[in-house]
>>> print(open('my_file_20.tsv').read())   # TSV, C-alpha atoms
chain	number	residue	atom	x	y	z
A	1	MET	CA	-60.02	-229.30	-113.63
A	2	ARG	CA	-59.77	-226.68	-116.39
A	3	ARG	CA	-62.95	-225.09	-117.73
A	4	THR	CA	-63.22	-222.69	-120.67
A	5	SER	CA	-66.90	-221.81	-120.11
A	6	ILE	CA	-69.92	-222.38	-117.92
A	7	GLU	CA	-73.57	-222.23	-118.82
A	8	GLY	CA	-75.37	-220.16	-116.14
A	9	GLY	CA	-74.70	-220.42	-112.45
A	10	THR	CA	-71.57	-219.37	-110.62
A	11	LEU	CA	-68.02	-220.67	-110.71
A	12	ALA	CA	-66.22	-220.56	-107.34
A	13	VAL	CA	-62.43	-220.28	-107.24
A	14	ASN	CA	-60.95	-221.72	-104.05
A	15	ASP	CA	-57.57	-221.26	-102.38
A	16	PRO	CA	-55.37	-224.31	-101.59
A	17	ASP	CA	-57.39	-224.84	-98.40
A	18	GLY	CA	-60.63	-225.05	-100.36
A	19	VAL	CA	-61.90	-221.68	-99.20
A	20	PRO	CA	-63.68	-219.64	-101.94
A	21	VAL	CA	-61.83	-216.44	-102.88
A	22	LEU	CA	-63.50	-215.52	-106.17
A	23	LEU	CA	-67.03	-215.90	-107.49
A	24	VAL	CA	-67.32	-215.76	-111.27
A	25	GLY	CA	-70.69	-215.61	-112.94
A	26	GLN	CA	-74.16	-214.86	-111.70
A	27	GLN	CA	-74.27	-213.09	-108.36
A	28	ASP	CA	-76.96	-212.99	-105.69
A	29	ASP	CA	-78.48	-209.80	-107.16
A	30	GLY	CA	-78.81	-211.41	-110.58
A	31	THR	CA	-75.90	-209.58	-112.17
A	32	TYR	CA	-72.85	-211.22	-113.69
A	33	ALA	CA	-69.47	-210.26	-112.31
A	34	VAL	CA	-66.14	-211.31	-110.91
A	35	VAL	CA	-66.27	-210.72	-107.16
A	36	GLY	CA	-63.61	-211.25	-104.53
A	37	VAL	CA	-64.76	-212.93	-101.35
A	38	GLY	CA	-62.95	-213.49	-98.07
A	39	ALA	CA	-59.27	-212.85	-98.65
A	40	GLY	CA	-59.70	-212.72	-102.41
A	41	ARG	CA	-59.56	-209.56	-104.47
A	42	VAL	CA	-59.83	-208.56	-108.09
A	43	VAL	CA	-56.84	-206.63	-109.51
A	44	ALA	CA	-57.00	-204.74	-112.82
A	45	ASN	CA	-54.23	-202.56	-114.25
A	46	ASP	CA	-56.55	-200.84	-116.70
A	47	LEU	CA	-60.31	-200.33	-116.57
A	48	ASP	CA	-62.44	-199.21	-119.48
A	49	LEU	CA	-65.73	-198.23	-117.84
A	50	PRO	CA	-68.64	-196.64	-119.62
A	51	ALA	CA	-69.64	-193.12	-118.49
A	52	GLY	CA	-71.83	-193.18	-115.41
A	53	SER	CA	-70.71	-196.62	-114.28
A	54	ILE	CA	-69.55	-195.31	-110.87
A	55	THR	CA	-72.18	-193.23	-109.09
A	56	GLU	CA	-72.23	-191.54	-105.68
A	57	THR	CA	-73.95	-194.63	-104.21
A	58	ASP	CA	-70.98	-196.77	-105.25
A	59	ILE	CA	-68.43	-194.74	-103.26
A	60	SER	CA	-68.30	-195.18	-99.50
A	61	ASP	CA	-68.24	-192.12	-97.28
A	62	GLY	CA	-64.68	-191.04	-96.57
A	63	SER	CA	-63.24	-193.19	-99.37
A	64	ILE	CA	-61.71	-190.28	-101.31
A	65	SER	CA	-59.11	-188.35	-99.26
A	66	THR	CA	-57.02	-185.31	-100.14
A	67	PRO	CA	-53.85	-187.35	-101.05
A	68	LYS	CA	-55.92	-189.11	-103.73
A	69	LEU	CA	-56.58	-185.81	-105.54
A	70	ARG	CA	-54.00	-184.26	-107.83
A	71	ALA	CA	-53.33	-180.52	-107.30
A	72	ASN	CA	-55.76	-178.37	-109.33
A	73	ALA	CA	-57.66	-181.51	-110.34
A	74	ILE	CA	-60.99	-179.92	-109.39
A	75	THR	CA	-61.52	-176.69	-111.35
A	76	ALA	CA	-64.48	-174.34	-111.67
A	77	ASP	CA	-65.79	-176.06	-114.81
A	78	LYS	CA	-66.00	-179.36	-112.88
A	79	ILE	CA	-68.44	-177.92	-110.32
A	80	ALA	CA	-72.06	-177.43	-111.28
A	81	ALA	CA	-73.57	-173.99	-110.68
A	82	GLY	CA	-75.10	-173.84	-107.22
A	83	ALA	CA	-73.55	-177.17	-106.22
A	84	ILE	CA	-71.72	-175.72	-103.21
A	85	THR	CA	-74.23	-174.24	-100.76
A	86	ALA	CA	-73.96	-172.92	-97.22
A	87	GLU	CA	-75.00	-176.34	-95.87
A	88	LYS	CA	-71.91	-177.89	-97.53
A	89	ILE	CA	-69.47	-175.58	-95.73
A	90	SER	CA	-68.90	-176.07	-92.01
A	91	GLY	CA	-68.48	-173.14	-89.63
A	92	ASP	CA	-64.70	-173.55	-89.40
A	93	ALA	CA	-64.15	-174.54	-93.03
A	94	ILE	CA	-62.15	-171.39	-93.93
A	95	ASP	CA	-59.34	-171.03	-91.44
A	96	GLY	CA	-56.06	-169.19	-91.77
A	97	ARG	CA	-56.40	-168.59	-95.51
A	98	THR	CA	-56.48	-165.52	-97.75
A	99	ILE	CA	-59.45	-164.37	-99.83
A	100	THR	CA	-58.33	-161.93	-102.50
A	101	GLY	CA	-60.37	-159.54	-104.64
A	102	GLY	CA	-64.04	-158.77	-104.97
A	103	THR	CA	-66.41	-157.68	-102.24
A	104	LEU	CA	-67.31	-159.59	-99.11
A	105	ARG	CA	-70.87	-158.80	-97.99
A	106	THR	CA	-73.45	-160.32	-95.68
A	107	ALA	CA	-76.38	-159.67	-98.04
A	108	ALA	CA	-77.02	-158.52	-101.60
A	109	THR	CA	-79.41	-155.70	-100.60
A	110	GLY	CA	-80.82	-154.04	-97.53
A	111	ALA	CA	-79.06	-153.99	-94.17
A	112	ARG	CA	-75.62	-155.51	-94.58
A	113	LEU	CA	-71.90	-155.31	-93.92
A	114	GLU	CA	-69.51	-154.95	-96.84
A	115	ILE	CA	-65.74	-155.14	-97.04
A	116	GLY	CA	-64.16	-154.24	-100.35
A	117	GLN	CA	-62.12	-151.91	-102.52
A	118	GLY	CA	-63.80	-149.00	-104.25
A	119	ILE	CA	-67.19	-149.50	-102.63
A	120	GLN	CA	-69.77	-146.95	-103.78
A	121	SER	CA	-72.42	-145.73	-101.38
A	122	PRO	CA	-75.96	-147.08	-101.88
A	123	THR	CA	-78.94	-144.85	-102.45
A	124	GLY	CA	-81.80	-147.31	-101.92
A	125	ASP	CA	-83.15	-148.97	-98.79
A	126	ASP	CA	-79.72	-149.93	-97.47
A	127	ALA	CA	-79.62	-149.43	-93.73
A	128	LEU	CA	-75.96	-150.10	-92.93
A	129	ARG	CA	-72.68	-149.87	-94.82
A	130	TRP	CA	-69.17	-150.76	-93.74
A	131	VAL	CA	-66.32	-149.99	-96.12
A	132	LEU	CA	-62.94	-151.09	-94.85
A	133	TYR	CA	-59.67	-149.91	-96.39
A	134	GLY	CA	-61.48	-148.68	-99.49
A	135	VAL	CA	-61.22	-145.69	-101.80
A	136	ASP	CA	-64.55	-143.95	-102.30
A	137	THR	CA	-64.43	-140.47	-103.83
A	138	ASP	CA	-67.96	-140.64	-105.27
A	139	ASN	CA	-69.73	-141.22	-101.97
A	140	PRO	CA	-72.66	-138.75	-101.86
A	141	PHE	CA	-73.02	-138.72	-98.06
A	142	ILE	CA	-69.49	-138.47	-96.72
A	143	ALA	CA	-67.05	-135.76	-97.80
A	144	ALA	CA	-69.34	-134.53	-100.56
A	145	GLY	CA	-67.26	-132.65	-103.10
A	146	ASP	CA	-63.93	-133.91	-101.77
A	147	THR	CA	-61.45	-135.19	-104.28
A	148	GLU	CA	-58.93	-136.83	-101.98
A	149	ALA	CA	-58.53	-140.56	-102.48
A	150	GLU	CA	-57.35	-142.07	-99.22
A	151	ARG	CA	-57.67	-145.31	-97.35
A	152	TYR	CA	-60.31	-145.16	-94.64
A	153	LEU	CA	-62.84	-146.95	-92.49
A	154	TYR	CA	-66.38	-145.80	-93.23
A	155	LEU	CA	-69.45	-146.63	-91.11
A	156	ARG	CA	-72.94	-145.44	-91.94
A	157	GLY	CA	-76.39	-146.12	-90.55
A	158	GLY	CA	-79.53	-145.24	-92.50
A	159	ASN	CA	-79.85	-143.83	-96.00
A	160	GLY	CA	-80.14	-140.40	-97.60
A	161	PRO	CA	-83.92	-139.73	-97.86
A	162	ALA	CA	-84.71	-141.34	-94.49
A	163	GLY	CA	-81.87	-139.66	-92.64
A	164	PHE	CA	-78.50	-141.10	-91.74
A	165	ALA	CA	-75.46	-140.80	-89.51
A	166	ALA	CA	-71.96	-141.67	-90.67
A	167	ILE	CA	-68.32	-141.51	-89.66
A	168	ARG	CA	-65.18	-141.84	-91.76
A	169	LEU	CA	-61.79	-142.49	-90.17
A	170	GLY	CA	-59.16	-141.78	-92.80
A	171	GLU	CA	-55.51	-141.02	-93.24
A	172	GLY	CA	-56.33	-137.30	-93.44
A	173	GLY	CA	-58.59	-137.07	-90.38
A	174	VAL	CA	-62.09	-137.80	-89.11
A	175	ILE	CA	-65.36	-136.78	-90.77
A	176	ILE	CA	-68.73	-137.08	-89.01
A	177	GLU	CA	-71.99	-136.40	-90.81
A	178	ALA	CA	-75.65	-136.59	-89.83
A	179	ARG	CA	-78.90	-135.61	-91.51
A	180	PRO	CA	-82.51	-135.96	-90.34
A	181	ALA	CA	-85.21	-137.51	-92.50
A	182	GLY	CA	-86.70	-135.39	-95.25
A	183	ALA	CA	-85.07	-132.22	-96.47
A	184	GLY	CA	-83.20	-131.38	-93.28
A	185	ALA	CA	-79.75	-129.83	-93.44
A	186	THR	CA	-76.70	-132.07	-93.17
A	187	THR	CA	-74.34	-131.35	-90.30
A	188	ARG	CA	-70.72	-132.14	-91.03
A	189	ILE	CA	-67.85	-132.03	-88.57
A	190	ARG	CA	-64.34	-132.45	-89.89
A	191	LEU	CA	-61.29	-132.95	-87.67
A	192	THR	CA	-57.96	-132.77	-89.49
A	193	PRO	CA	-54.43	-131.59	-88.75
A	194	THR	CA	-54.83	-129.09	-91.62
A	195	PHE	CA	-58.28	-127.67	-90.88
A	196	GLY	CA	-58.48	-128.25	-87.11
A	197	VAL	CA	-62.22	-128.37	-86.40
A	198	GLU	CA	-64.49	-127.45	-89.30
A	199	VAL	CA	-68.30	-127.48	-88.90
A	200	THR	CA	-70.80	-127.01	-91.72
A	201	GLY	CA	-74.57	-127.19	-91.37
A	202	GLY	CA	-76.44	-126.91	-88.09
A	203	MET	CA	-75.06	-128.12	-84.78
A	204	ASP	CA	-76.94	-128.16	-81.47
A	205	VAL	CA	-74.46	-128.21	-78.57
A	206	ASP	CA	-75.82	-128.33	-75.04
A	207	VAL	CA	-72.43	-127.77	-73.39
A	208	LEU	CA	-69.33	-126.54	-75.21
A	209	LYS	CA	-66.14	-126.72	-73.21
A	210	VAL	CA	-62.74	-125.30	-74.13
A	211	GLY	CA	-59.89	-126.28	-71.87
A	212	GLY	CA	-62.46	-127.85	-69.55
A	213	VAL	CA	-64.36	-124.55	-69.16
A	214	ASP	CA	-68.07	-124.33	-70.08
A	215	GLN	CA	-68.33	-121.61	-72.74
A	216	GLY	CA	-72.08	-121.15	-72.42
A	217	ARG	CA	-75.05	-121.92	-74.62
A	218	GLY	CA	-75.28	-118.59	-76.42
A	219	LEU	CA	-78.37	-116.55	-77.22
A	220	VAL	CA	-81.45	-117.35	-75.08
A	221	GLY	CA	-83.51	-114.19	-75.59
A	222	ARG	CA	-83.64	-111.08	-77.79
A	223	ALA	CA	-85.89	-108.08	-78.44
A	224	VAL	CA	-85.45	-105.35	-81.08
A	225	ALA	CA	-87.35	-102.21	-82.01
A	226	THR	CA	-87.12	-99.33	-84.44
A	227	GLY	CA	-88.52	-95.83	-84.08
A	228	ASP	CA	-87.59	-92.18	-83.70
A	229	PRO	CA	-87.84	-92.38	-80.79
A	230	VAL	CA	-88.59	-95.87	-79.53
A	231	VAL	CA	-88.94	-94.43	-76.05
A	232	THR	CA	-88.18	-91.10	-74.36
A	233	MET	CA	-86.45	-91.18	-70.97
A	234	VAL	CA	-87.27	-88.33	-68.54
A	235	ALA	CA	-86.51	-87.55	-64.92
A	236	SER	CA	-89.79	-88.87	-63.59
A	237	GLY	CA	-89.15	-92.33	-62.21
A	238	GLU	CA	-88.33	-95.67	-63.82
A	239	THR	CA	-89.21	-96.36	-67.47
A	240	VAL	CA	-89.39	-99.89	-68.91
A	241	ILE	CA	-87.53	-99.85	-72.21
A	242	ARG	CA	-88.16	-103.42	-73.39
A	243	THR	CA	-89.44	-106.80	-72.10
A	244	VAL	CA	-87.82	-110.02	-73.28
A	245	ALA	CA	-88.98	-113.65	-73.35
A	246	ALA	CA	-85.80	-115.49	-72.37
A	247	ASN	CA	-85.24	-119.22	-72.00
A	248	LEU	CA	-83.54	-119.12	-68.60
A	249	THR	CA	-82.63	-122.34	-66.77
A	250	PRO	CA	-81.54	-122.93	-63.16
A	251	SER	CA	-77.95	-122.50	-62.00
A	252	ARG	CA	-76.71	-120.69	-65.12
A	253	ALA	CA	-75.01	-117.32	-65.67
A	254	TYR	CA	-76.35	-114.74	-68.13
A	255	GLU	CA	-75.10	-111.57	-69.75
A	256	VAL	CA	-77.57	-108.82	-70.74
A	257	MET	CA	-76.57	-106.43	-73.50
A	258	PHE	CA	-78.51	-103.24	-74.39
A	259	ARG	CA	-77.67	-100.89	-77.25
A	260	SER	CA	-79.35	-98.08	-79.14
A	261	GLN	CA	-78.77	-94.68	-80.62
A	262	VAL	CA	-79.35	-91.78	-78.24
A	263	ARG	CA	-80.37	-88.19	-78.87
A	264	VAL	CA	-79.70	-85.92	-75.90
A	265	VAL	CA	-82.72	-83.69	-75.37
A	266	ALA	CA	-81.36	-82.28	-72.11
A	267	ALA	CA	-78.11	-83.18	-70.36
A	268	GLY	CA	-78.51	-85.69	-67.57
A	269	ASP	CA	-77.67	-89.17	-66.27
A	270	LEU	CA	-79.09	-92.64	-66.90
A	271	VAL	CA	-79.10	-95.76	-64.71
A	272	MET	CA	-79.83	-99.07	-66.51
A	273	ARG	CA	-81.58	-101.91	-64.65
A	274	VAL	CA	-82.63	-105.53	-65.24
A	275	LYS	CA	-85.97	-106.42	-63.65
A	276	ARG	CA	-87.48	-109.73	-62.56
A	277	PRO	CA	-91.01	-110.64	-63.76
A	278	ALA	CA	-92.38	-109.42	-60.43
A	279	GLY	CA	-90.86	-105.98	-61.05
A	280	THR	CA	-88.05	-106.20	-58.53
A	281	THR	CA	-84.55	-105.18	-59.58
A	282	VAL	CA	-81.87	-107.84	-60.13
A	283	VAL	CA	-79.18	-105.66	-61.80
A	284	ASP	CA	-78.69	-102.01	-60.81
A	285	THR	CA	-75.71	-100.10	-62.21
A	286	ALA	CA	-73.93	-96.77	-61.83
A	287	ARG	CA	-75.01	-93.65	-63.71
A	288	ASP	CA	-73.96	-92.92	-67.29
A	289	GLN	CA	-73.59	-89.18	-67.93
A	290	PHE	CA	-74.96	-87.60	-71.13
A	291	VAL	CA	-73.81	-84.08	-72.00
A	292	ALA	CA	-75.60	-81.77	-74.40
A	293	MET	CA	-74.51	-82.40	-77.98
A	294	GLY	CA	-75.89	-82.25	-81.50
A	295	GLY	CA	-76.91	-85.33	-83.49
A	296	ASN	CA	-77.12	-88.91	-82.23
A	297	ARG	CA	-74.62	-90.98	-80.32
A	298	ARG	CA	-74.25	-94.74	-79.88
A	299	PHE	CA	-74.93	-96.16	-76.42
A	300	GLN	CA	-74.22	-99.74	-75.23
A	301	TRP	CA	-74.55	-101.22	-71.76
A	302	GLN	CA	-73.89	-104.71	-70.35
A	303	GLY	CA	-74.75	-106.40	-67.07
A	304	GLY	CA	-74.96	-109.92	-65.71
A	305	PHE	CA	-76.79	-112.17	-63.27
A	306	VAL	CA	-77.10	-115.84	-62.30
A	307	THR	CA	-80.14	-118.03	-61.71
A	308	GLY	CA	-80.71	-120.09	-58.59
A	309	ALA	CA	-82.27	-123.52	-58.16
A	310	SER	CA	-85.51	-122.23	-59.72
A	311	VAL	CA	-86.34	-119.51	-62.25
A	312	PRO	CA	-89.33	-117.12	-61.82
A	313	ALA	CA	-91.89	-117.45	-64.61
A	314	GLY	CA	-92.59	-114.43	-66.81
A	315	LEU	CA	-90.83	-111.80	-68.89
A	316	LEU	CA	-87.52	-110.22	-68.02
A	317	SER	CA	-87.44	-106.45	-68.57
A	318	VAL	CA	-84.77	-103.80	-69.12
A	319	ALA	CA	-85.56	-100.39	-67.64
A	320	GLY	CA	-83.87	-97.05	-67.07
A	321	VAL	CA	-84.02	-94.25	-64.45
A	322	MET	CA	-82.98	-90.62	-64.98
A	323	SER	CA	-82.49	-88.22	-62.06
A	324	THR	CA	-81.97	-85.26	-64.40
A	325	GLY	CA	-82.23	-84.53	-68.10
A	326	SER	CA	-84.05	-86.22	-70.96
A	327	LEU	CA	-83.00	-88.71	-73.67
A	328	ASP	CA	-84.59	-90.14	-76.82
A	329	LEU	CA	-83.65	-93.81	-77.40
A	330	LEU	CA	-83.72	-94.47	-81.16
A	331	GLY	CA	-83.70	-97.51	-83.38
A	332	PHE	CA	-83.22	-97.71	-87.17
A	333	GLY	CA	-83.01	-100.47	-89.74
A	334	SER	CA	-79.23	-100.10	-89.87
A	335	MET	CA	-78.99	-100.21	-86.07
A	336	PRO	CA	-82.17	-101.15	-84.18
A	337	LEU	CA	-82.61	-100.73	-80.46
A	338	GLU	CA	-81.70	-104.17	-79.13
A	339	VAL	CA	-81.76	-106.20	-75.92
A	340	ARG	CA	-79.83	-109.46	-76.04
A	341	ILE	CA	-79.48	-112.16	-73.35
A	342	ASP	CA	-76.78	-114.83	-73.61
A	343	ASP	CA	-76.06	-117.92	-71.52
A	344	VAL	CA	-72.35	-117.62	-70.66
A	345	GLY	CA	-71.82	-120.71	-68.51
A	346	PRO	CA	-72.62	-122.28	-65.14
A	347	ALA	CA	-73.52	-120.03	-62.23
A	348	SER	CA	-70.62	-121.49	-60.24
A	349	ALA	CA	-68.15	-119.93	-62.70
A	350	TYR	CA	-69.45	-116.41	-61.96
A	351	PRO	CA	-69.44	-115.92	-58.18
A	352	GLY	CA	-70.61	-112.54	-56.89
A	353	LEU	CA	-73.24	-111.85	-59.56
A	354	PRO	CA	-76.78	-111.03	-58.36
A	355	VAL	CA	-79.34	-113.86	-58.36
A	356	TYR	CA	-82.36	-113.54	-60.63
>>> encode(input="my_file_20.tsv", output="structure tokens")
Amino acid sequence: MRRTSIEGGTLAVNDPDGVPVLLVGQQDDGTYAVVGVGAGRVVANDLDLPAGSITETDISDGSISTPKLRANAITADKIAAGAITAEKISGDAIDGRTITGGTLRTAATGARLEIGQGIQSPTGDDALRWVLYGVDTDNPFIAAGDTEAERYLYLRGGNGPAGFAAIRLGEGGVIIEARPAGAGATTRIRLTPTFGVEVTGGMDVDVLKVGGVDQGRGLVGRAVATGDPVVTMVASGETVIRTVAANLTPSRAYEVMFRSQVRVVAAGDLVMRVKRPAGTTVVDTARDQFVAMGGNRRFQWQGGFVTGASVPAGLLSVAGVMSTGSLDLLGFGSMPLEVRIDDVGPASAYPGLPVY
């Protein structure tokens, strides 16, 4: 039976077996619509829907797949600011793709890792920087004053005022820098094929080896004096010339150097000695002869010893003994009388030396 209209209610359209396939009219929720039921469906070639007709609650999860989206259909202007957050990106969401340009960083300020081109060094509270394959000629902490622009890996911990340590591995070599907090001096070590090893600033090295050989720790004690004379040596027993506070440590070798100007009062000979704190002799040398002459002459003497498993407490002293003659030992501003003690390496490298 053909109908052109109905007043309220719902019109059911059945298939040849009498099974409803379409419901036209008022639905269960009170709205009016054409709804397919069972095997029925509603087909429309063109739809003219008002804006906002289809909302997120009308689309089932998983209904829109990638093949349903045209290439470049979703552009930046289609995405609201802040719409894509960390919660919307799964841990493996970016896989095997390329990110080009800009800077990749783990945080906007403070401790962070950064990967980028042309990264400039921070000067605030930043605790960690990582510049990979960048060009950074304005960095105030690494290679200060350098003008070379090279690709490098740069790692730094800390910041300028609070102290820092940094290393730069570049095409031209390796640069290591460190500075303590406050106004301390910056130590910079540069290793390059051109410069070899270049060190600026202070460097505290406990053991320096060249070719596997310990080169010693350098100066451990020194005493100087000026006077005309500082001391007069006569043939009347042993005379202590100078005592020295030296930082001696066990199982090390030491070289003692003495120098002064000498005025010969009467011709004679001089034996130089190094004395332990208890007054016993550790170094005793042969006699140096002094002939009568006018004016002053320069005199320098060197001797060595090693320390054992323990070091006697107290001052080391340098003394002299004359069997004949008399000498004035002099010191001036241009050349003071000086005693110098240097650590020259491990005791094992200097067999045969007397033990302190």
>>> residues_around(input="my_file_20.tsv", residues="stretch 328-330 of chain A", least_positions_apart="5", cutoff="8 Å", atoms="only C-alpha atoms", output="ChimeraX atom specification")
/A:226-233,260-265,336-337
>>> residues_near_point(input="my_file_20.tsv", point="(-85.9, -113.1, -71.7)", cutoff="9 Å", atoms="all atoms listed in the file", output="mmCIF file with C-alpha atoms, in the frame of the given file")
data_model
loop_
_atom_site.group_PDB
_atom_site.id
_atom_site.type_symbol
_atom_site.label_atom_id
_atom_site.label_comp_id
_atom_site.auth_asym_id
_atom_site.auth_seq_id
_atom_site.Cartn_x
_atom_site.Cartn_y
_atom_site.Cartn_z
ATOM 1 C CA VAL A 220 -81.450 -117.350 -75.080
ATOM 2 C CA GLY A 221 -83.510 -114.190 -75.590
ATOM 3 C CA ARG A 222 -83.640 -111.080 -77.790
ATOM 4 C CA ALA A 223 -85.890 -108.080 -78.440
ATOM 5 C CA THR A 243 -89.440 -106.800 -72.100
ATOM 6 C CA VAL A 244 -87.820 -110.020 -73.280
ATOM 7 C CA ALA A 245 -88.980 -113.650 -73.350
ATOM 8 C CA ALA A 246 -85.800 -115.490 -72.370
ATOM 9 C CA ASN A 247 -85.240 -119.220 -72.000
ATOM 10 C CA LEU A 248 -83.540 -119.120 -68.600
ATOM 11 C CA GLY A 314 -92.590 -114.430 -66.810
ATOM 12 C CA LEU A 315 -90.830 -111.800 -68.890
ATOM 13 C CA LEU A 316 -87.520 -110.220 -68.020
ATOM 14 C CA SER A 317 -87.440 -106.450 -68.570
ATOM 15 C CA ARG A 340 -79.830 -109.460 -76.040
ATOM 16 C CA ILE A 341 -79.480 -112.160 -73.350
#
>>> closest_residue(input="my_file_20.tsv", among="A:Gly237, A:Gly163, A:Gly30, A:Gly303", to="A:Ala181", atoms="only C-alpha atoms")
A:Gly163
>>> residues_around(input="my_file_20.tsv", residues="stretch 282-289 of chain A", least_positions_apart="6", cutoff="8 Å", atoms="only C-alpha atoms", output="PyMOL selection string")
chain A and resi 267-276+303-305+354-356
>>> closest_residue(input="my_file_20.tsv", among="A:Ile241, A:Val306, A:Ala266, A:Val42", to="A:Glu338", atoms="only C-alpha atoms")
A:Ile241
>>> atom_distance(input="my_file_20.tsv", atom1="atom CA of A:Lys78", atom2="atom CA of A:Ser63")
19.5 Å
>>> closest_residue(input="my_file_20.tsv", among="A:Asp343, A:Asp77, A:Asp15, A:Glu87", to="A:Gly38", atoms="only C-alpha atoms")
A:Asp15
>>> atom_distance(input="my_file_20.tsv", atom1="atom CA of A:Ile89", atom2="atom CA of A:Arg105")
17.0 Å
>>> residues_around(input="my_file_20.tsv", residues="stretch 173-175 of chain A", least_positions_apart="2", cutoff="7 Å", atoms="only C-alpha atoms", output="NGL selection string")
:A and (167-171 or 177 or 189-192)
>>> closest_residue(input="my_file_20.tsv", among="A:Met322, A:Met335, A:Val21, A:Ile59", to="A:Ala225", atoms="all atoms listed in the file")
A:Met335
>>> atom_distance(input="my_file_20.tsv", atom1="atom CA of A:Ala33", atom2="atom CA of A:Leu11")
10.6 Å
>>> residues_around(input="my_file_20.tsv", residues="A:Arg179", least_positions_apart="3", cutoff="7 Å", atoms="all atoms listed in the file", output="compact mmCIF listing (two decimals) with C-alpha atoms, keeping the file's coordinate frame")
# COMPACT_ATOMS: atom_id res chain seq x y z
CA GLY A 163 -81.87 -139.66 -92.64
CA PHE A 164 -78.50 -141.10 -91.74
CA ALA A 165 -75.46 -140.80 -89.51
CA GLY A 184 -83.20 -131.38 -93.28
CA ALA A 185 -79.75 -129.83 -93.44
CA THR A 186 -76.70 -132.07 -93.17
CA THR A 187 -74.34 -131.35 -90.30
>>> closest_residue(input="my_file_20.tsv", among="A:Gly158, A:Arg217, A:Ala319, A:Ser53", to="A:Thr280", atoms="all atoms listed in the file")
A:Ala319
>>> closest_residue(input="my_file_20.tsv", among="A:Tyr350, A:Gln27, A:Leu22, A:Asp342", to="A:Gly9", atoms="all atoms listed in the file")
A:Gln27
